[in-house]
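File shown here: query-v8.txt, holding compact mmCIF, C-alpha atoms.
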```txt
# COMPACT_ATOMS: atom_id res chain seq x y z
CA MET H 24 9.44 22.97 13.13
CA ILE H 25 9.16 20.61 10.22
CA GLY H 26 8.86 21.51 6.60
CA VAL H 27 5.76 19.73 5.46
CA GLY H 28 5.01 21.92 2.49
CA GLY H 29 2.11 24.25 2.11
CA LYS H 30 -0.43 21.54 1.58
CA ILE H 31 -1.94 21.43 5.02
CA LYS H 32 -4.32 24.19 5.79
CA GLN H 33 -6.02 24.64 9.10
CA TYR H 34 -9.62 25.62 9.45
CA SER H 35 -11.16 26.86 12.65
CA SER H 36 -14.19 24.71 12.01
CA VAL H 37 -14.86 21.69 9.88
CA LEU H 38 -17.70 23.60 8.26
CA GLU H 39 -15.32 26.09 6.73
CA LYS H 40 -13.45 23.40 4.93
CA PRO H 41 -14.39 23.17 1.29
CA LEU H 42 -16.45 20.07 0.60
CA SER H 43 -14.41 17.36 -1.05
CA LYS H 44 -15.37 16.35 -4.54
CA GLY H 45 -15.55 12.73 -3.53
CA ARG H 46 -12.94 11.58 -6.01
CA GLN H 47 -10.42 10.42 -3.44
CA GLU H 48 -9.95 6.69 -3.13
CA VAL H 49 -8.45 4.19 -0.74
CA SER H 50 -7.59 0.59 -1.51
CA LEU H 51 -10.38 -1.93 -1.34
CA SER H 52 -8.34 -3.96 1.13
CA ALA H 53 -8.11 -1.01 3.50
CA PHE H 54 -11.89 -0.88 3.55
CA ALA H 55 -12.23 -4.66 3.80
CA PHE H 56 -9.85 -4.75 6.79
CA LEU H 57 -11.77 -1.98 8.49
CA PHE H 58 -15.14 -3.55 7.81
CA SER H 59 -13.89 -6.88 9.10
CA GLU H 60 -12.87 -5.18 12.35
CA LEU H 61 -16.32 -3.60 12.60
CA VAL H 62 -17.96 -7.01 12.29
CA GLN H 63 -15.53 -8.72 14.65
CA TYR H 64 -15.90 -6.05 17.29
CA ASN H 65 -19.68 -6.22 17.15
CA GLN H 66 -19.53 -9.99 17.44
CA THR H 67 -17.98 -9.56 20.85
CA GLN H 68 -20.85 -7.33 21.94
CA VAL H 69 -23.78 -9.63 21.15
CA ASP H 70 -24.97 -13.12 21.82
CA ASN H 71 -27.19 -13.76 18.85
CA ILE H 72 -27.28 -13.16 15.12
CA ALA H 73 -30.30 -10.85 15.14
CA GLU H 74 -28.58 -8.57 17.61
CA LEU H 75 -25.41 -8.56 15.51
CA GLU H 76 -27.37 -7.59 12.41
CA ARG H 77 -29.12 -4.86 14.34
CA ARG H 78 -25.82 -3.41 15.48
CA LEU H 79 -24.35 -3.47 11.99
CA GLU H 80 -27.51 -1.84 10.74
CA ASP H 81 -27.17 0.89 13.36
CA ALA H 82 -23.63 1.57 12.22
CA GLY H 83 -24.87 1.75 8.62
CA TYR H 84 -27.73 4.04 9.57
CA ALA H 85 -25.26 6.63 10.81
CA VAL H 86 -23.48 6.45 7.46
CA GLY H 87 -26.75 6.73 5.52
CA ALA H 88 -27.89 9.82 7.37
CA ARG H 89 -24.66 11.60 6.43
CA VAL H 90 -24.61 10.27 2.91
CA LEU H 91 -28.05 11.78 2.26
CA GLU H 92 -26.93 15.23 3.38
CA LEU H 93 -23.70 15.11 1.48
CA PHE H 94 -24.94 13.69 -1.81
CA CYS H 95 -28.09 15.81 -1.98
CA HIS H 96 -25.88 18.82 -1.67
CA ARG H 97 -23.07 17.74 -3.94
CA GLU H 98 -24.60 15.51 -6.56
CA LYS H 99 -28.10 16.97 -6.74
CA GLY H 100 -27.52 20.68 -6.32
CA ASN H 101 -29.36 20.72 -2.99
CA ARG H 102 -32.47 19.13 -4.43
CA ARG H 103 -34.03 16.55 -2.22
CA GLU H 104 -36.37 13.87 -3.47
CA THR H 105 -39.88 14.09 -2.08
CA ARG H 106 -41.45 11.28 -4.06
CA LEU H 107 -41.16 7.63 -3.23
CA LEU H 108 -39.82 6.49 -6.57
CA GLY H 109 -37.53 9.49 -6.69
CA ILE H 110 -35.84 8.63 -3.42
CA LEU H 111 -35.61 4.95 -4.36
CA SER H 112 -33.89 5.73 -7.60
CA PHE H 113 -31.63 8.16 -5.71
CA VAL H 114 -30.53 5.25 -3.51
CA HIS H 115 -30.23 2.81 -6.40
CA THR H 116 -28.34 5.20 -8.66
CA THR H 117 -26.62 8.10 -6.90
CA VAL H 118 -25.87 6.55 -3.52
CA TRP H 119 -24.72 3.26 -5.01
CA LYS H 120 -22.61 4.91 -7.68
CA VAL H 121 -20.70 7.15 -5.31
CA LEU H 122 -20.28 4.64 -2.48
CA PHE H 123 -19.74 1.45 -4.43
CA GLY H 124 -18.56 2.77 -7.78
CA LYS H 125 -21.48 1.34 -9.75
CA VAL H 126 -25.23 1.55 -10.03
CA ALA H 127 -27.00 -1.27 -8.17
CA ASP H 128 -27.79 -4.28 -10.32
CA SER H 129 -31.53 -3.96 -10.00
CA LEU H 130 -34.37 -2.14 -8.30
CA GLU H 131 -37.66 -4.04 -8.27
CA LYS H 132 -41.06 -3.66 -6.75
CA GLY H 133 -42.23 -6.55 -4.61
CA THR H 134 -44.94 -8.62 -6.24
CA GLU H 135 -46.70 -9.66 -3.08
CA HIS H 136 -46.88 -6.40 -1.24
CA GLU H 137 -47.48 -2.94 -2.60
CA ASP H 138 -45.07 -1.24 -0.24
CA GLU H 139 -42.05 -3.47 -0.73
CA TYR H 140 -39.08 -2.77 -2.93
CA MET H 141 -35.88 -4.68 -3.51
CA ILE H 142 -32.41 -3.57 -4.47
CA SER H 143 -30.29 -6.51 -5.56
CA GLU H 144 -26.59 -6.80 -6.06
CA LYS H 145 -24.79 -9.80 -7.46
CA GLU H 146 -21.76 -9.22 -5.29
CA LEU H 147 -22.27 -6.61 -2.62
CA LEU H 148 -19.01 -4.82 -1.88
CA VAL H 149 -19.09 -5.54 1.84
CA ASN H 150 -19.71 -9.24 1.19
CA ARG H 151 -16.79 -9.59 -1.22
CA PHE H 152 -14.42 -11.16 1.27
CA ILE H 153 -16.95 -12.58 3.68
CA SER H 154 -17.99 -16.17 3.96
CA ILE H 155 -20.53 -17.03 6.60
CA PRO H 156 -19.75 -19.94 8.90
CA LYS H 157 -22.44 -22.64 8.84
CA ASP H 158 -23.43 -22.08 12.46
CA MET H 159 -24.31 -18.47 11.77
CA GLY H 160 -27.25 -19.39 9.58
CA THR H 161 -28.77 -16.58 7.58
CA PHE H 162 -26.53 -13.86 8.92
CA ASN H 163 -25.68 -11.32 6.23
CA CYS H 164 -23.09 -8.57 6.59
CA GLY H 165 -25.19 -6.66 4.10
CA ALA H 166 -27.09 -5.54 7.21
CA PHE H 167 -24.58 -2.69 7.20
CA VAL H 168 -25.70 -1.64 3.72
CA ALA H 169 -29.34 -2.15 4.70
CA GLY H 170 -28.61 0.30 7.50
CA ILE H 171 -27.17 2.81 5.05
CA VAL H 172 -30.33 2.53 2.92
CA ARG H 173 -32.55 2.90 5.97
CA GLY H 174 -30.53 5.94 7.09
CA VAL H 175 -30.99 7.63 3.72
CA LEU H 176 -34.72 6.83 3.48
CA ASP H 177 -35.56 7.67 7.07
CA ASN H 178 -33.83 11.02 6.99
CA ALA H 179 -35.50 11.88 3.70
CA GLY H 180 -38.86 11.33 5.36
CA PHE H 181 -39.59 7.80 4.17
CA PRO H 182 -39.32 5.56 7.22
CA ALA H 183 -38.88 1.93 6.28
CA VAL H 184 -37.75 -1.41 7.59
CA VAL H 185 -34.73 -2.50 5.58
CA THR H 186 -33.16 -5.94 5.71
CA ALA H 187 -30.47 -7.81 3.77
CA HIS H 188 -30.92 -11.36 2.50
CA PHE H 189 -28.94 -13.88 0.51
CA VAL H 190 -30.79 -15.15 -2.52
CA PRO H 191 -29.32 -18.22 -4.21
CA MET H 192 -28.84 -17.78 -7.95
CA GLU H 193 -29.04 -20.55 -10.47
CA GLY H 194 -25.71 -21.28 -12.07
CA GLN H 195 -23.88 -18.99 -9.64
CA GLN H 196 -21.63 -20.20 -6.88
CA ARG H 197 -22.35 -17.34 -4.59
CA PRO H 198 -25.81 -16.06 -3.74
CA ARG H 199 -26.69 -12.50 -4.55
CA THR H 200 -27.67 -10.05 -1.84
CA THR H 201 -31.08 -8.47 -1.87
CA ILE H 202 -31.85 -5.43 0.21
CA LEU H 203 -35.54 -5.59 1.06
CA ILE H 204 -37.23 -2.27 1.75
CA LYS H 205 -40.63 -2.28 3.42
CA PHE H 206 -42.02 1.18 3.84
CA ALA H 207 -43.91 2.15 6.93
CA ASP H 208 -47.68 2.29 6.45
CA GLU H 209 -48.05 6.02 6.28
CA VAL H 210 -45.49 6.38 3.53
CA SER H 211 -47.41 4.26 1.08
CA GLN H 212 -50.47 6.41 1.48
CA ASN H 213 -49.96 9.44 -0.56
CA ILE H 214 -49.52 12.46 1.65
CA TYR H 215 -51.64 14.52 -0.69
CA GLU H 216 -54.46 12.02 -0.43
CA ASN H 217 -54.49 12.69 3.29
CA LEU H 218 -54.49 16.36 2.70
CA LYS H 219 -57.35 16.11 0.21
CA ARG H 220 -59.46 14.13 2.64
CA PHE H 221 -58.72 16.67 5.29
CA ILE H 222 -59.85 19.51 3.11
CA ILE H 223 -62.99 17.69 1.96
CA SER H 224 -63.91 16.93 5.56
CA GLY H 225 -64.25 20.68 6.01
CA ASN H 226 -62.68 20.75 9.46
CA TRP H 227 -60.63 23.78 8.71
CA LYS H 228 -60.92 27.47 8.65
CA GLY H 229 -59.57 29.01 5.48
CA HIS H 230 -56.62 30.98 6.77
CA LEU H 231 -55.42 28.14 8.98
CA LEU H 232 -55.07 25.70 6.15
CA ASN H 233 -51.38 26.24 5.63
CA LYS H 234 -50.52 25.75 9.24
CA TYR H 235 -52.67 22.64 9.47
CA ALA H 236 -51.43 21.24 6.20
CA ILE H 237 -47.84 21.56 7.29
CA LYS H 238 -48.64 20.00 10.63
CA LEU H 239 -50.43 17.11 8.98
CA ILE H 240 -47.55 16.39 6.67
CA THR H 241 -45.08 16.54 9.53
CA VAL H 242 -47.18 14.26 11.68
CA SER H 243 -47.65 11.70 8.96
CA LEU H 244 -43.90 11.66 8.37
CA GLU H 245 -42.97 11.35 11.99
CA THR H 246 -45.35 8.71 13.22
CA MET M 5 25.41 3.76 4.76
CA ALA M 6 23.91 3.84 1.32
CA PRO M 7 21.45 6.65 0.82
CA VAL M 8 17.87 5.55 1.07
CA VAL M 9 16.42 5.09 -2.38
CA PRO M 10 13.12 6.88 -2.50
CA ARG M 11 10.51 4.42 -3.59
CA SER M 12 6.94 5.14 -4.29
CA GLY M 13 3.77 3.21 -3.91
CA ASP M 14 2.02 5.05 -6.76
CA ALA M 15 2.31 2.15 -9.17
CA VAL M 16 1.07 -0.34 -6.60
CA PHE M 17 -1.85 1.87 -5.65
CA ALA M 18 -2.77 2.28 -9.31
CA ASN M 19 -2.95 -1.47 -9.69
CA VAL M 20 -4.98 -2.45 -6.65
CA GLU M 21 -8.76 -2.34 -6.51
CA ARG M 22 -9.98 0.84 -4.90
CA VAL M 23 -13.11 2.17 -3.26
CA ASN M 24 -14.46 5.63 -2.62
CA ALA M 25 -12.65 7.19 0.32
CA GLU M 26 -15.89 8.62 1.70
CA LEU M 27 -17.32 5.15 2.27
CA PHE M 28 -14.15 4.36 4.17
CA THR M 29 -14.23 7.62 6.14
CA LEU M 30 -17.88 7.35 7.10
CA THR M 31 -17.57 3.69 8.04
CA TYR M 32 -14.64 4.53 10.28
CA GLY M 33 -16.69 7.32 11.80
CA ALA M 34 -19.50 4.85 12.50
CA ILE M 35 -17.02 2.56 14.26
CA VAL M 36 -15.67 5.34 16.45
CA ARG M 37 -19.17 6.47 17.35
CA GLN M 38 -20.18 2.95 18.23
CA LEU M 39 -17.13 2.56 20.47
CA LEU M 40 -17.85 5.85 22.20
CA THR M 41 -21.40 4.74 22.92
CA ASP M 42 -20.39 1.27 24.10
CA LEU M 43 -17.27 2.01 26.10
CA GLU M 44 -18.12 5.51 27.35
CA GLU M 45 -14.55 6.22 28.50
CA VAL M 46 -12.44 7.98 25.87
CA GLU M 47 -9.36 6.15 27.15
CA GLU M 48 -11.00 2.80 26.51
CA VAL M 49 -11.93 3.88 23.00
CA ASN M 50 -8.31 4.80 22.31
CA LYS M 51 -7.26 1.36 23.49
CA GLN M 52 -9.87 -0.45 21.43
CA LEU M 53 -9.00 1.52 18.28
CA ASP M 54 -5.34 0.66 18.79
CA GLN M 55 -6.25 -3.00 19.21
CA MET M 56 -8.33 -2.98 16.03
CA GLY M 57 -5.45 -1.38 14.19
CA TYR M 58 -3.06 -3.98 15.55
CA ASN M 59 -5.33 -6.79 14.30
CA ILE M 60 -5.40 -5.15 10.89
CA GLY M 61 -1.64 -4.60 10.82
CA VAL M 62 -0.96 -8.23 11.58
CA ARG M 63 -2.97 -9.28 8.53
CA LEU M 64 -2.15 -6.36 6.30
CA ILE M 65 1.59 -7.01 6.23
CA ASP M 66 1.04 -10.16 4.16
CA GLU M 67 -0.72 -8.27 1.44
CA PHE M 68 1.86 -5.53 1.63
CA LEU M 69 4.77 -7.92 1.11
CA ALA M 70 2.93 -9.81 -1.61
CA LYS M 71 1.98 -6.80 -3.70
CA SER M 72 4.66 -4.20 -3.10
CA ASN M 73 7.72 -6.09 -4.40
CA ILE M 74 9.74 -4.63 -1.58
CA SER M 75 12.92 -6.48 -0.79
CA ARG M 76 14.36 -6.63 2.71
CA CYS M 77 15.09 -3.23 4.22
CA VAL M 78 18.69 -2.76 5.32
CA ASP M 79 17.88 -0.69 8.39
CA PHE M 80 15.08 0.96 10.33
CA LYS M 81 15.57 4.17 8.35
CA GLU M 82 14.70 2.41 5.16
CA THR M 83 11.78 0.68 6.85
CA ALA M 84 10.34 4.02 7.88
CA GLU M 85 10.70 5.40 4.36
CA VAL M 86 8.99 2.35 2.92
CA ILE M 87 6.07 2.65 5.34
CA ALA M 88 5.67 6.33 4.56
CA LYS M 89 6.05 6.19 0.80
CA VAL M 90 4.78 2.74 -0.12
CA GLY M 91 2.69 1.43 2.78
CA PHE M 92 0.50 4.48 3.35
CA LYS M 93 0.17 5.04 -0.38
CA MET M 94 -0.77 1.48 -1.18
CA PHE M 95 -3.63 1.30 1.31
CA LEU M 96 -4.79 4.84 1.96
CA GLY M 97 -3.67 6.56 -1.22
CA VAL M 98 -1.68 9.17 0.68
CA THR M 99 2.00 9.49 1.56
CA ALA M 100 3.70 10.50 4.75
CA THR M 101 6.99 12.31 5.34
CA VAL M 102 9.66 10.84 7.58
CA THR M 103 11.38 13.39 9.79
CA ASN M 104 12.76 14.13 13.24
CA TRP M 105 15.18 11.24 13.56
CA ASP M 106 16.87 10.91 16.90
CA VAL M 107 20.64 10.44 17.02
CA GLU M 108 20.51 6.67 17.44
CA GLY M 109 18.29 6.32 14.39
CA THR M 110 15.66 4.36 16.28
CA THR M 111 12.91 6.96 16.64
CA CYS M 112 11.33 8.97 13.90
CA SER M 113 8.14 10.78 13.02
CA LEU M 114 5.73 10.01 10.23
CA VAL M 115 3.98 13.22 9.25
CA LEU M 116 0.80 12.84 7.30
CA GLU M 117 0.03 15.54 4.79
CA ASP M 118 -3.39 14.17 4.04
CA ASN M 119 -5.50 11.84 6.10
CA PRO M 120 -8.59 10.20 4.67
CA LEU M 121 -9.84 9.18 8.12
CA VAL M 122 -10.66 12.67 9.28
CA GLU M 123 -12.64 14.21 6.44
CA PHE M 124 -15.87 15.64 7.97
CA VAL M 125 -14.58 15.14 11.52
CA GLU M 126 -14.61 17.59 14.38
CA LEU M 127 -14.12 16.51 17.99
CA PRO M 128 -16.76 17.67 20.46
CA ASP M 129 -15.60 19.03 23.82
CA THR M 130 -16.41 15.75 25.54
CA CYS M 131 -13.95 13.84 23.34
CA GLN M 132 -10.87 16.01 23.68
CA GLY M 133 -8.82 13.08 24.95
CA LEU M 134 -9.71 10.95 21.95
CA TYR M 135 -7.00 10.00 19.50
CA TYR M 136 -9.38 9.73 16.60
CA CYS M 137 -6.85 8.12 14.27
CA ASN M 138 -5.49 5.73 16.86
CA ILE M 139 -6.25 2.84 14.55
CA LEU M 140 -3.33 3.94 12.36
CA SER M 141 -0.79 3.65 15.14
CA GLY M 142 -2.08 0.14 15.82
CA VAL M 143 -1.70 -0.81 12.17
CA VAL M 144 1.93 0.35 12.04
CA ARG M 145 2.75 -1.44 15.29
CA GLY M 146 1.02 -4.66 14.24
CA ALA M 147 2.58 -4.75 10.80
CA LEU M 148 6.10 -4.08 12.10
CA GLU M 149 5.75 -6.72 14.76
CA MET M 150 5.14 -9.28 12.03
CA VAL M 151 8.49 -8.41 10.48
CA SER M 152 10.30 -8.81 13.79
CA MET M 153 10.32 -5.21 14.95
CA LYS M 154 8.87 -4.31 18.31
CA THR M 155 7.82 -0.71 18.22
CA GLU M 156 6.02 1.91 20.23
CA VAL M 157 3.80 4.20 18.23
CA SER M 158 2.14 7.31 19.59
CA TRP M 159 0.58 10.53 18.41
CA VAL M 160 2.53 13.74 18.81
CA ARG M 161 0.44 16.08 16.74
CA ASP M 162 -3.16 15.79 15.73
CA MET M 163 -5.01 18.36 13.65
CA LEU M 164 -8.26 17.47 15.39
CA HIS M 165 -6.61 18.79 18.55
CA GLY M 166 -5.63 21.99 16.82
CA ASP M 167 -2.11 21.03 15.72
CA ASP M 168 -0.85 21.81 12.26
CA ALA M 169 -0.31 18.22 11.09
CA TYR M 170 -0.72 14.58 11.99
CA GLU M 171 2.51 13.30 13.45
CA LEU M 172 3.02 9.72 14.44
CA ARG M 173 6.09 8.98 16.55
CA VAL M 174 7.52 5.54 15.87
CA LYS M 175 10.10 4.16 18.29
CA LEU M 176 11.97 0.97 17.59
CA ILE M 177 12.31 -0.90 20.87
CA LYS M 178 14.04 -4.00 19.69
CA GLN M 179 14.59 -6.03 16.63
CA VAL M 180 13.74 -9.64 17.38
CA PRO M 181 16.18 -11.89 15.56
CA GLU M 182 14.47 -14.31 13.25
CA GLU M 183 14.26 -17.76 14.67
CA TYR M 184 13.85 -20.73 12.47
CA PRO M 185 12.05 -23.73 13.79
CA TYR M 186 14.81 -25.85 12.30
CA LYS M 187 18.60 -25.66 12.21
CA ASP M 188 20.30 -24.76 8.95
CA ASP M 189 22.67 -27.69 8.81
CA GLU M 190 20.16 -30.38 9.50
```
Representation of the structure as structure tokens:
Amino acid sequence: MIGVGGKIKQYSSVLEKPLSKGRQEVSLSAFAFLFSELVQYNQTQVDNIAELERRLEDAGYAVGARVLELFCHREKGNRRETRLLGILSFVHTTVWKVLFGKVADSLEKGTEHEDEYMISEKELLVNRFISIPKDMGTFNCGAFVAGIVRGVLDNAGFPAVVTAHFVPMEGQQRPRTTILIKFADEVSQNIYENLKRFIISGNWKGHLLNKYAIKLITVSLET
Amino acid sequence: MAPVVPRSGDAVFANVERVNAELFTLTYGAIVRQLLTDLEEVEEVNKQLDQMGYNIGVRLIDEFLAKSNISRCVDFKETAEVIAKVGFKMFLGVTATVTNWDVEGTTCSLVLEDNPLVEFVELPDTCQGLYYCNILSGVVRGALEMVSMKTEVSWVRDMLHGDDAYELRVKLIKQVPEEYPYKDDE
């Protein structure tokens, strides 16, 4: 009917489509407009700030889960990180670089708690055009990015509570955003420690070890 | 009528700040999923997406006029070309083709050759009535309304519904004459 050139190709399923290389870009404003609509829509659905942050985080979580699949396959040759520091640096480096065009400004370990980590960004992309009205207190749109981080970590088997906070910086007009990651208890205990204890306890029968070991690892990841 | 000068938004797009299209795509996907969960009815989701697009269009036109250096279009034909070649390019990095004009020159189709919104997307059976890209029609409608053109924008073809392209039908309903809040000779 219409000559549209040979560019468009139809696939019977989205899975048959070759995976994009991730080089395509849209304008920052297009994203900012879209993100603004996401926030505004969710504002109409809630009656307090905590709820709003939770909803933004949920939206981000869905992005994170997909980002993990996609980037592990494309950027890492199907290798998936199984160590805590490995997955953290995957988030800080690979995820940040592809999504936001740069590596995150810093990745630090919390000084007070063993199982806390922080990713900080001087000017988080989603907060670029956002200023928070006074009556909204500590609300931070970075909750969306916190959700992305949580989605990546959770689906990689490292459940964590992830939150976004503004941290005032000396000599800077705008505060930086810190994404605080607090891992669930069982993650901080080394899985292999558990396994070792299990073996030492002697509650196993040789040939069942594999089955039990797998079960143990799965249980400790799920709970 | 002077032939429409083909203009391109390549230079503008090269000069604006850009982000990875996948972040954009996945964020849009998250929005659609959230709407589907909240509103349940596919029809309501279509409406909400259109509304969101309209809100964006109303604001986006300012940036478009400020950055594109486009002078006033002489007629609707030129307007359509500018949307397809400059507008889409400047924001989404893709261009559309303008075709299927009706005889009066008030209705045309924008055919998208590439659509960053739908990467990774497949509609499940329960969402067959969903116009996944409905936000785009809202954007076009909202932006045109800000430059005094009332339009109706609807989807004719959608690859997610098995068609061979994305086709957006734009119908000019009326051109609202510009009204100044003051009189010229005062």
Find the residues with any atom within 8 Å of (-32.1, 11.4, 1.2); use only C-alpha atoms and the coordinates as given in the file, and write the answer as a list in words.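 The answer, in the requested form, is Ala88, Val90, Leu91, Glu92, Cys95, Arg103, Glu104, Ile110, Phe113, Val114, Val175, Leu176, Asp177, Asn178, Ala179 and Gly180 of chain H.
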Taking all atoms listed in the file into account, which residues of chain H are within 9 Å of chain M, as an mmCIF file with C-alpha atoms, in the frame of the given file?
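The resulting iface_32.cif:
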```cif
data_model
loop_
_atom_site.group_PDB
_atom_site.id
_atom_site.type_symbol
_atom_site.label_atom_id
_atom_site.label_comp_id
_atom_site.auth_asym_id
_atom_site.auth_seq_id
_atom_site.Cartn_x
_atom_site.Cartn_y
_atom_site.Cartn_z
ATOM 1 C CA ILE H 25 9.160 20.610 10.220
ATOM 2 C CA VAL H 27 5.760 19.730 5.460
ATOM 3 C CA GLY H 28 5.010 21.920 2.490
ATOM 4 C CA LYS H 30 -0.430 21.540 1.580
ATOM 5 C CA ILE H 31 -1.940 21.430 5.020
ATOM 6 C CA LYS H 32 -4.320 24.190 5.790
ATOM 7 C CA GLN H 33 -6.020 24.640 9.100
ATOM 8 C CA SER H 35 -11.160 26.860 12.650
ATOM 9 C CA SER H 36 -14.190 24.710 12.010
ATOM 10 C CA VAL H 37 -14.860 21.690 9.880
ATOM 11 C CA LEU H 38 -17.700 23.600 8.260
ATOM 12 C CA LYS H 40 -13.450 23.400 4.930
ATOM 13 C CA LEU H 42 -16.450 20.070 0.600
ATOM 14 C CA SER H 43 -14.410 17.360 -1.050
ATOM 15 C CA GLY H 45 -15.550 12.730 -3.530
ATOM 16 C CA ARG H 46 -12.940 11.580 -6.010
ATOM 17 C CA GLN H 47 -10.420 10.420 -3.440
ATOM 18 C CA GLU H 48 -9.950 6.690 -3.130
ATOM 19 C CA VAL H 49 -8.450 4.190 -0.740
ATOM 20 C CA SER H 50 -7.590 0.590 -1.510
ATOM 21 C CA LEU H 51 -10.380 -1.930 -1.340
ATOM 22 C CA SER H 52 -8.340 -3.960 1.130
ATOM 23 C CA ALA H 53 -8.110 -1.010 3.500
ATOM 24 C CA PHE H 54 -11.890 -0.880 3.550
ATOM 25 C CA PHE H 56 -9.850 -4.750 6.790
ATOM 26 C CA LEU H 57 -11.770 -1.980 8.490
ATOM 27 C CA PHE H 58 -15.140 -3.550 7.810
ATOM 28 C CA SER H 59 -13.890 -6.880 9.100
ATOM 29 C CA GLU H 60 -12.870 -5.180 12.350
ATOM 30 C CA LEU H 61 -16.320 -3.600 12.600
ATOM 31 C CA TYR H 64 -15.900 -6.050 17.290
ATOM 32 C CA GLN H 68 -20.850 -7.330 21.940
ATOM 33 C CA ARG H 78 -25.820 -3.410 15.480
ATOM 34 C CA ASP H 81 -27.170 0.890 13.360
ATOM 35 C CA ALA H 82 -23.630 1.570 12.220
ATOM 36 C CA GLY H 83 -24.870 1.750 8.620
ATOM 37 C CA TYR H 84 -27.730 4.040 9.570
ATOM 38 C CA ALA H 85 -25.260 6.630 10.810
ATOM 39 C CA VAL H 86 -23.480 6.450 7.460
ATOM 40 C CA ARG H 89 -24.660 11.600 6.430
ATOM 41 C CA VAL H 90 -24.610 10.270 2.910
ATOM 42 C CA VAL H 121 -20.700 7.150 -5.310
ATOM 43 C CA LEU H 122 -20.280 4.640 -2.480
ATOM 44 C CA PHE H 123 -19.740 1.450 -4.430
ATOM 45 C CA GLY H 124 -18.560 2.770 -7.780
#
```
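Between CA of Gly109 (chain H) and CA of Arg173 (chain H) lies a distance of 15.1 Å.
Between CA of Glu131 (chain H) and CA of Gly174 (chain H) there is a distance of 19.7 Å.
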Please determine, counting only C-alpha atoms, which residue among H:Ile72, H:Val168, H:Arg151, H:Thr117 has the shortest atom-to-atom distance to Arg97 (chain H).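 Using only C-alpha atoms, the shortest distance to Arg97 (chain H) belongs to H:Thr117.
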Point-to-point distance in Å for CA of Asn101 (chain H) and CA of Ile202 (chain H):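 Taking CA of Ile202 (chain H) as the start and CA of Asn101 (chain H) as the end point, the length is 26.5 Å.
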